[in-house]
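Colleague: Okay, here's the structure, questions in a sec.
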Amino acid sequence: MKKHFILDWDGTATESYNRAETTSELMIDSFSREYGIPKEKLAEAHQEQKRNIRDNERKYPWVHKGHIAAYCEDPIIYSNSAFVEALRSFEPKDVSSLWQEVLLAYSEAYKSTSPVYVDRLPEVLDYLKEQGDIIVVTNSNPRKVKEEVDELSFEIGVIGHAKKYKITPEFANVSDTLRTEDGREVRLRRGAYFSILEKFHPESSFVIGDGFSCDLALPMTLGFNVVLVNDFWSMDWARSEVGKYSEGTTVSSLSGILEKSI
């Protein structure tokens, strides 16, 4: 059976550290104008909240419409979570509402960013294409991601606005949560993402991503092969979950796939 490689984009094929830095600068300008907060003061608050989150990241998850969408699993979530907490210190609001504001600001800032591709990306894509088909599945704007893919001169399809973060409690096709060894509850009922995954055969498909909650938890539950691409400081718990899964592989960077048999 032909293999399919379902590839996340931001943080997996492109560097999320660079994207987080660029978007945070643009978001500081945006929120400074919107809230009337001096840019220097907001930048200081953002850095202070990043230090607070680093001390206890589990207290600061990504909340989408009242549900935990993900934990602090990459530099972009880390930065955005710090914006939520920084803005709360100036104007207390509901956390879920602030997350909506921050994500809208991030999406707007994202449009102005340029990708920094991960090391040996063309080599990895060549390697995967020799074995099967690649499809990029991303929460980001599909037009921008397709432009970034096309820069590499590869014919690869893109499914954007995948809403992997969207929790649909009424969706009963899978269990509600996956409980990790360290006690986190990762929500599995992600109807929009499920509707994409159900088009593929789990036994011959590989889901490759840098996030556990949004990218890999649901595919693991459905029996897909999964590859966690992540060296972020907060992710030991996720590496442990993938490591004990029989069809799971962990690598610190995407080029690590070249040394694995997938």
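Here, A, B, ... name the chains of the structure tokens in the order displayed, residue numbers run from 1 inside each chain, and ligands are numbered from 1 in the same displayed order.
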Could you tell me, as a VMD selection string, which residues of range 132-197 of chain A DSSP assigns to alpha helix (DSSP H) when given the backbone?

Modeller: chain A and resid 142 to 150 191 to 197

Colleague: Just the residues within 9 Å of range 212-216 of chain A, please, counting only C-alpha atoms, with nothing from its chain fewer than 2 positions along; format it as a short mmCIF file (atom, residue, chain, number, x, y, z; two decimals) with C-alpha atoms, in the first residue's frame.

Modeller:
data_model
loop_
_atom_site.label_atom_id
_atom_site.label_comp_id
_atom_site.auth_asym_id
_atom_site.auth_seq_id
_atom_site.Cartn_x
_atom_site.Cartn_y
_atom_site.Cartn_z
CA ASP A 8 2.79 19.79 9.74
CA ALA A 69 -6.19 23.03 22.96
CA ALA A 70 -2.52 22.44 23.78
CA TYR A 71 0.14 22.99 26.39
CA GLU A 73 4.65 22.83 23.25
CA LYS A 163 -8.31 23.73 13.05
CA LYS A 164 -6.39 20.97 14.82
CA TYR A 165 -6.80 23.07 17.96
CA LYS A 166 -10.62 23.11 17.82
CA VAL A 186 -5.01 15.97 26.25
CA ARG A 187 -8.33 16.50 24.51
CA LEU A 188 -8.94 14.15 21.57
CA ARG A 190 -11.09 17.43 17.36
CA TYR A 193 -8.90 17.39 12.25
CA VAL A 207 1.74 12.02 10.77
CA ILE A 208 4.80 14.23 11.31
CA GLY A 209 4.58 17.23 13.62
CA ASP A 210 6.17 19.23 16.40
CA LEU A 218 -5.58 12.10 17.83
CA PRO A 219 -3.63 10.22 15.11
CA MET A 220 -2.06 8.04 17.82
CA THR A 221 -5.50 7.18 19.14
CA PHE A 224 -1.50 6.14 12.72
CA VAL A 226 3.50 9.28 14.23
CA VAL A 227 6.77 11.19 14.31
CA LEU A 228 7.35 13.89 16.95
CA MET A 235 8.36 18.60 25.82
CA ALA A 238 5.37 14.38 25.01
CA ARG A 239 8.55 12.60 23.97
CA GLU A 241 4.20 9.48 25.31
CA VAL A 242 5.37 9.01 21.72
#

Colleague: Find, counting only C-alpha atoms, the residue in A:Glu259, A:Asp133, A:Glu108, A:Asp55 that gets nearest to Ile6 in chain A.

Modeller: A:Asp133

Colleague: I need the residue nearest Ser252 in chain A from this list: A:Asp236, A:Asp231, A:Asp74, A:Glu181. Use only C-alpha atoms for the distance.

Modeller: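 Comparing A:Asp236, A:Asp231, A:Asp74, A:Glu181 against Ser252 in chain A, the winner is A:Asp231.
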
Colleague: Excluding Ile196 in chain A and its own-chain neighbours fewer than 3 positions away, which residues fall within 10 Å of it when counting only C-alpha atoms? Please give them as a PyMOL selection string.

Modeller: chain A and resi 137+159+162+164+191-193+199-200
